[in-house]
file start-v3.cif (mmCIF, C-alpha atoms and all ligand atoms)
data_final
#
loop_
_atom_site.label_atom_id
_atom_site.label_comp_id
_atom_site.auth_asym_id
_atom_site.auth_seq_id
_atom_site.Cartn_x
_atom_site.Cartn_y
_atom_site.Cartn_z
CA MET A 1 12.77 29.83 -24.47
CA SER A 2 10.16 27.19 -23.78
CA THR A 3 8.43 27.18 -20.44
CA ARG A 4 6.89 23.95 -19.28
CA MET A 5 3.86 23.78 -17.07
CA PRO A 6 4.71 21.86 -13.88
CA VAL A 7 3.26 18.36 -14.00
CA SER A 8 0.38 17.95 -11.59
CA PRO A 9 0.67 14.62 -9.80
CA GLY A 10 -1.62 11.82 -10.92
CA LYS A 11 -4.37 10.33 -8.81
CA LEU A 12 -4.47 6.98 -7.05
CA ILE A 13 -7.70 5.03 -7.52
CA THR A 14 -8.10 1.80 -5.56
CA LEU A 15 -10.60 -1.06 -5.81
CA GLU A 16 -11.51 -3.03 -2.73
CA GLY A 17 -13.86 -5.82 -1.73
CA ILE A 18 -13.96 -9.50 -0.83
CA GLU A 19 -13.01 -12.32 -3.24
CA GLY A 20 -15.21 -12.42 -6.31
CA ALA A 21 -16.54 -8.88 -5.82
CA GLY A 22 -15.27 -7.95 -9.28
CA LYS A 23 -12.17 -5.89 -8.42
CA SER A 24 -9.97 -7.22 -11.22
CA THR A 25 -12.81 -7.05 -13.75
CA LEU A 26 -13.73 -3.47 -12.81
CA ALA A 27 -10.09 -2.32 -12.50
CA GLN A 28 -9.85 -2.95 -16.26
CA PHE A 29 -13.04 -0.96 -16.77
CA VAL A 30 -11.73 1.95 -14.67
CA SER A 31 -8.47 2.04 -16.65
CA ALA A 32 -10.28 1.97 -19.98
CA TRP A 33 -12.78 4.63 -18.88
CA LEU A 34 -10.02 6.98 -17.70
CA GLY A 35 -8.09 6.34 -20.92
CA ARG A 36 -11.14 7.38 -22.94
CA HIS A 37 -11.29 10.56 -20.88
CA GLY A 38 -7.75 11.63 -21.66
CA ILE A 39 -5.84 10.17 -18.70
CA THR A 40 -2.68 8.08 -18.94
CA VAL A 41 -3.22 5.16 -16.57
CA ARG A 42 -1.08 2.49 -15.01
CA LEU A 43 -3.09 -0.55 -13.88
CA THR A 44 -1.54 -2.54 -11.07
CA ARG A 45 -2.41 -4.78 -8.11
CA GLU A 46 -1.55 -5.71 -4.56
CA PRO A 47 0.07 -7.61 -3.12
CA GLY A 48 2.50 -7.30 -6.03
CA GLY A 49 2.86 -4.85 -8.87
CA THR A 50 6.67 -4.97 -9.20
CA ALA A 51 8.94 -7.94 -9.84
CA LEU A 52 10.04 -8.26 -6.21
CA ALA A 53 6.61 -7.48 -4.77
CA GLU A 54 5.12 -10.24 -6.93
CA ARG A 55 7.57 -12.66 -5.30
CA VAL A 56 6.33 -11.55 -1.88
CA ARG A 57 2.78 -12.07 -3.18
CA GLN A 58 3.61 -15.68 -3.93
CA ILE A 59 4.88 -16.22 -0.39
CA VAL A 60 1.84 -14.65 1.24
CA LEU A 61 -0.84 -16.27 -0.95
CA GLU A 62 0.43 -19.80 -1.43
CA ARG A 63 -0.96 -22.57 0.73
CA GLY A 64 2.13 -24.29 2.07
CA ALA A 65 3.03 -26.43 5.07
CA GLU A 66 4.68 -23.64 7.04
CA PRO A 67 2.30 -21.53 9.17
CA VAL A 68 2.03 -17.80 8.44
CA SER A 69 0.74 -15.92 11.50
CA PRO A 70 -1.50 -12.84 11.22
CA ILE A 71 1.40 -10.54 12.10
CA THR A 72 3.68 -12.23 9.56
CA GLU A 73 0.97 -11.86 6.94
CA THR A 74 0.65 -8.16 7.81
CA LEU A 75 4.40 -7.55 7.57
CA LEU A 76 4.59 -9.37 4.24
CA MET A 77 1.72 -7.28 2.87
CA PHE A 78 3.53 -4.11 3.90
CA ALA A 79 6.88 -5.38 2.58
CA ALA A 80 5.25 -5.90 -0.82
CA ARG A 81 3.50 -2.53 -0.53
CA ALA A 82 6.75 -0.72 0.33
CA LEU A 83 8.35 -2.05 -2.87
CA HIS A 84 5.26 -1.19 -4.90
CA VAL A 85 4.91 2.35 -3.53
CA GLN A 86 8.60 3.19 -3.90
CA ASN A 87 9.28 1.59 -7.26
CA LEU A 88 6.02 1.93 -9.13
CA ILE A 89 3.23 3.99 -7.54
CA ARG A 90 5.13 7.13 -6.50
CA PRO A 91 7.23 7.42 -9.68
CA THR A 92 4.10 6.95 -11.84
CA LEU A 93 2.11 9.59 -9.94
CA ALA A 94 5.08 11.98 -10.09
CA ARG A 95 5.03 11.76 -13.90
CA GLY A 96 1.41 12.93 -13.81
CA GLU A 97 0.00 9.50 -14.70
CA TRP A 98 -2.82 7.95 -12.71
CA VAL A 99 -2.57 4.63 -10.89
CA VAL A 100 -5.46 2.19 -10.70
CA CYS A 101 -4.70 -0.39 -8.02
CA ASP A 102 -6.56 -3.65 -7.39
CA ARG A 103 -6.40 -3.61 -3.53
CA PHE A 104 -4.28 -1.35 -1.28
CA THR A 105 -3.92 -0.64 2.47
CA ASP A 106 -7.67 -0.86 3.12
CA ALA A 107 -7.37 -4.56 2.25
CA THR A 108 -4.82 -4.96 5.06
CA ARG A 109 -7.16 -3.12 7.45
CA ALA A 110 -10.10 -5.35 6.44
CA TYR A 111 -8.35 -8.74 6.09
CA GLN A 112 -5.51 -8.65 8.61
CA GLY A 113 -7.21 -6.12 10.92
CA SER A 114 -10.93 -6.97 10.98
CA GLY A 115 -10.54 -10.53 9.66
CA ARG A 116 -7.55 -11.77 11.66
CA GLY A 117 -7.60 -9.38 14.62
CA VAL A 118 -4.30 -7.57 14.04
CA ASP A 119 -4.23 -4.31 16.02
CA ALA A 120 -5.59 -1.43 13.93
CA ALA A 121 -3.11 1.01 15.50
CA LEU A 122 -0.23 -1.21 14.38
CA ILE A 123 -1.59 -1.31 10.83
CA ASP A 124 -1.93 2.48 10.83
CA ALA A 125 1.66 2.85 12.08
CA LEU A 126 2.95 0.55 9.32
CA ALA A 127 0.87 2.41 6.73
CA LEU A 128 2.40 5.70 7.87
CA ALA A 129 5.93 4.26 7.71
CA VAL A 130 5.41 2.69 4.28
CA HIS A 131 3.42 5.31 2.41
CA GLY A 132 3.26 8.38 4.67
CA ASP A 133 0.91 10.96 3.24
CA LEU A 134 0.08 8.89 0.16
CA GLN A 135 -3.62 8.03 0.32
CA PRO A 136 -5.95 6.88 -2.43
CA ASP A 137 -7.84 9.81 -3.99
CA CYS A 138 -10.83 7.54 -4.50
CA THR A 139 -11.58 4.03 -3.25
CA LEU A 140 -14.29 2.00 -4.95
CA LEU A 141 -15.62 -0.53 -2.45
CA LEU A 142 -17.36 -3.33 -4.34
CA ASP A 143 -19.77 -4.65 -1.77
CA LEU A 144 -21.83 -7.84 -2.02
CA PRO A 145 -22.98 -10.72 0.18
CA VAL A 146 -20.13 -13.06 1.07
CA ARG A 147 -21.76 -16.15 -0.42
CA ALA A 148 -22.29 -14.43 -3.75
CA GLY A 149 -18.66 -13.27 -3.90
CA LEU A 150 -17.22 -16.65 -3.00
CA ALA A 151 -19.50 -18.41 -5.49
CA ARG A 152 -18.18 -16.15 -8.25
CA ALA A 153 -14.55 -16.55 -7.19
CA ARG A 154 -14.89 -20.33 -7.09
CA THR A 155 -16.53 -20.65 -10.51
CA ARG A 156 -14.06 -18.30 -12.20
CA PRO A 157 -12.13 -20.04 -14.99
CA GLY A 158 -8.87 -21.56 -13.72
CA ALA A 159 -9.78 -20.90 -10.07
CA THR A 160 -7.62 -22.52 -7.41
CA ALA A 161 -8.15 -21.48 -3.80
CA ASP A 162 -5.28 -19.47 -2.29
CA ARG A 163 -4.76 -19.12 1.49
CA PHE A 164 -7.52 -16.53 1.72
CA GLU A 165 -10.07 -18.20 -0.53
CA ALA A 166 -9.79 -21.26 1.69
CA GLU A 167 -11.09 -19.22 4.66
CA SER A 168 -14.52 -19.63 6.28
CA LEU A 169 -17.69 -17.63 5.61
CA GLY A 170 -17.32 -16.11 9.09
CA PHE A 171 -13.90 -14.74 8.19
CA PHE A 172 -15.24 -13.03 5.06
CA GLU A 173 -18.22 -11.62 7.00
CA LYS A 174 -15.70 -9.90 9.28
CA VAL A 175 -13.74 -8.64 6.29
CA ARG A 176 -16.87 -7.30 4.61
CA ALA A 177 -18.00 -5.56 7.83
CA GLY A 178 -14.50 -4.15 8.23
CA TYR A 179 -14.58 -2.63 4.76
CA LEU A 180 -18.01 -1.10 5.36
CA ALA A 181 -16.81 0.43 8.63
CA LEU A 182 -13.81 1.98 6.84
CA ALA A 183 -16.14 3.43 4.19
CA ARG A 184 -18.38 4.95 6.85
CA ARG A 185 -15.35 6.53 8.52
CA GLU A 186 -14.12 8.17 5.31
CA PRO A 187 -17.21 8.86 3.18
CA GLN A 188 -15.35 11.43 1.04
CA ARG A 189 -12.76 8.94 -0.16
CA PHE A 190 -14.93 5.81 -0.45
CA ARG A 191 -17.70 4.98 -2.89
CA ILE A 192 -19.70 1.92 -1.92
CA ILE A 193 -20.80 0.16 -5.09
CA ASP A 194 -23.45 -2.58 -5.06
CA ALA A 195 -21.42 -5.33 -6.68
CA ALA A 196 -24.27 -7.85 -6.64
CA ALA A 197 -25.87 -5.87 -9.48
CA PRO A 198 -25.36 -6.92 -13.11
CA LEU A 199 -21.96 -5.93 -14.48
CA ALA A 200 -23.35 -3.19 -16.77
CA GLU A 201 -25.00 -1.52 -13.80
CA VAL A 202 -21.84 -1.75 -11.68
CA GLU A 203 -19.90 -0.14 -14.56
CA GLN A 204 -22.48 2.65 -14.77
CA ARG A 205 -22.17 3.43 -11.05
CA ILE A 206 -18.38 3.43 -11.30
CA ALA A 207 -18.42 5.74 -14.32
CA GLU A 208 -20.61 8.16 -12.34
CA ALA A 209 -18.15 8.12 -9.44
CA LEU A 210 -15.17 8.72 -11.76
CA ALA A 211 -16.91 11.58 -13.56
CA GLN A 212 -17.25 13.35 -10.21
CA LEU A 213 -13.52 13.31 -9.44
CA PRO A 214 -12.13 16.81 -9.12
CA ALA A 215 -9.52 16.71 -11.89
CA ARG A 216 -9.03 19.30 -14.59
CA GLU A 217 -7.22 16.79 -16.81
CA LEU A 218 -10.38 14.66 -16.98
CA ARG A 219 -12.00 15.28 -20.39
CA ALA A 220 -15.76 15.07 -20.77
N1 LIG A 301 -21.39 -7.60 -11.40
C1 LIG A 301 -21.08 -8.84 -11.79
N2 LIG A 301 -22.04 -9.70 -12.16
C2 LIG A 301 -21.74 -10.95 -12.52
N3 LIG A 301 -20.50 -11.47 -12.57
C3 LIG A 301 -19.49 -10.68 -12.22
C4 LIG A 301 -19.72 -9.32 -11.82
N4 LIG A 301 -18.51 -8.78 -11.51
C5 LIG A 301 -17.59 -9.75 -11.73
N5 LIG A 301 -18.17 -10.87 -12.16
C6 LIG A 301 -17.51 -12.18 -12.45
O1 LIG A 301 -17.15 -12.72 -11.19
C7 LIG A 301 -15.88 -13.39 -11.26
C8 LIG A 301 -14.95 -12.77 -10.24
O2 LIG A 301 -14.62 -11.43 -10.62
P1 LIG A 301 -13.16 -10.85 -10.36
O3 LIG A 301 -12.13 -11.86 -10.67
O4 LIG A 301 -13.08 -9.53 -11.06
O5 LIG A 301 -13.24 -10.61 -8.78
P2 LIG A 301 -12.12 -10.13 -7.79
O6 LIG A 301 -12.78 -9.19 -6.85
O7 LIG A 301 -10.94 -9.63 -8.53
O8 LIG A 301 -11.77 -11.46 -7.01
P3 LIG A 301 -10.39 -11.88 -6.23
O9 LIG A 301 -10.40 -11.12 -4.94
O10 LIG A 301 -10.56 -13.34 -5.96
O11 LIG A 301 -9.25 -11.54 -7.13
C9 LIG A 301 -15.41 -13.22 -12.70
O12 LIG A 301 -15.71 -14.41 -13.39
C10 LIG A 301 -16.20 -12.03 -13.21
O13 LIG A 301 -16.43 -12.10 -14.59
MG MG A 302 -8.94 -10.23 -8.55
#

call {"tool": "encode", "arguments": {"input": "start-v3.cif", "output": "structure tokens", "more": "lines below"}}
Ligand SMILES: Nc1ncnc2c1ncn2[C@@H]1O[C@H](COP(=O)(O)OP(=O)(O)OP(=O)(O)O)[C@@H](O)[C@H]1O
Ligand SMILES: [Mg+2]
result
Amino acid sequence: MSTRMPVSPGKLITLEGIEGAGKSTLAQFVSAWLGRHGITVRLTREPGGTALAERVRQIVLERGAEPVSPITETLLMFAARALHVQNLIRPTLARGEWVVCDRFTDATRAYQGSGRGVDAALIDALALAVHGDLQPDCTLLLDLPVRAGLARARTRPGATADRFEAESLGFFEKVRAGYLALARREPQRFRIIDAAAPLAEVEQRIAEALAQLPARELRA
């Protein structure tokens, strides 16, 4: 008779920061690093990550004629997140695979909460309804001055400004401050990474943070 070890659930690693901080670039690095250390990884992003959630992403990011209020934006973000959590994130973690996600609920707290003034208690209530006890195991906050981030985002190949990238410097200052306040509130979960540093240095800092994760499946 064969006895199988129960699968220990995978971990959820999220990357956060303003536009141009390097989230998408470093999400690839995180996935590759974990892969080299024996972990099966699913790389995904928000808003989006499943077929339906990507359609919601299109609605919430496109710059169209019809106004999208802060509360509408918040509900759309959570609608996309509900699809993503139910249909991709939870099933992947349950199989013992890890999920690396380019943005998650902290982005809603920073952008819709700090940036647009949506009530933090409402965002927390929606987070509880949509993903309950599911929290990132580690959140890498890529922090850099707003001007530097926006300059990178705008010079990226094929860049076209979405509804957020068209926002003012003042908006992104609020978002950045919001992220830093979240990190101060939960220092165990967050790692603040200086994303203004050269890419190789940012990768080094991230590798150090990943190596410290308490996970027996992580090979040296
Ligand atoms: N540390 C770094 N030093 C220099 N350039 C960087 C660094 N990190 C990322 N970049 C470059 O900055 C640009 C933006 O990076 P990236 O697309 O990963 O940011 P992002 O946080 O995903 O942005 P967005 O929120 O708009 O999706 C890319 O051209 C990337 O190569
Ligand atoms: Mg990106």

call {"tool": "residues_near_ligand", "arguments": {"input": "start-v3.cif", "ligand": "ligand LIG 301 (chain A)", "cutoff": "6 Å", "atoms": "all atoms listed in the file", "output": "ChimeraX atom specification"}}
result
/A:18-25,152-153,156,195-199,202

call {"tool": "closest_residue", "arguments": {"input": "start-v3.cif", "among": "A:Leu15, A:Leu150, A:Leu76, A:Ile89", "to": "A:Gly49", "atoms": "all atoms listed in the file"}}
result
A:Ile89

call {"tool": "closest_residue", "arguments": {"input": "start-v3.cif", "among": "A:Leu83, A:Leu34, A:Leu12, A:Leu26", "to": "A:Ala220", "atoms": "only C-alpha atoms"}}
result
A:Leu34

call {"tool": "closest_residue", "arguments": {"input": "start-v3.cif", "among": "A:Glu97, A:Asp102, A:Glu167, A:Glu54", "to": "ligand MG 302 (chain A)", "atoms": "all atoms listed in the file"}}
result
A:Asp102

call {"tool": "closest_residue", "arguments": {"input": "start-v3.cif", "among": "A:Val68, A:Leu122, A:Ala27, A:Ala129", "to": "ligand MG 302 (chain A)", "atoms": "only C-alpha atoms and all ligand atoms"}}
result
A:Ala27

call {"tool": "closest_residue", "arguments": {"input": "start-v3.cif", "among": "A:Trp98, A:Met77, A:Thr160, A:Thr155", "to": "A:Ser31", "atoms": "only C-alpha atoms"}}
result
A:Trp98
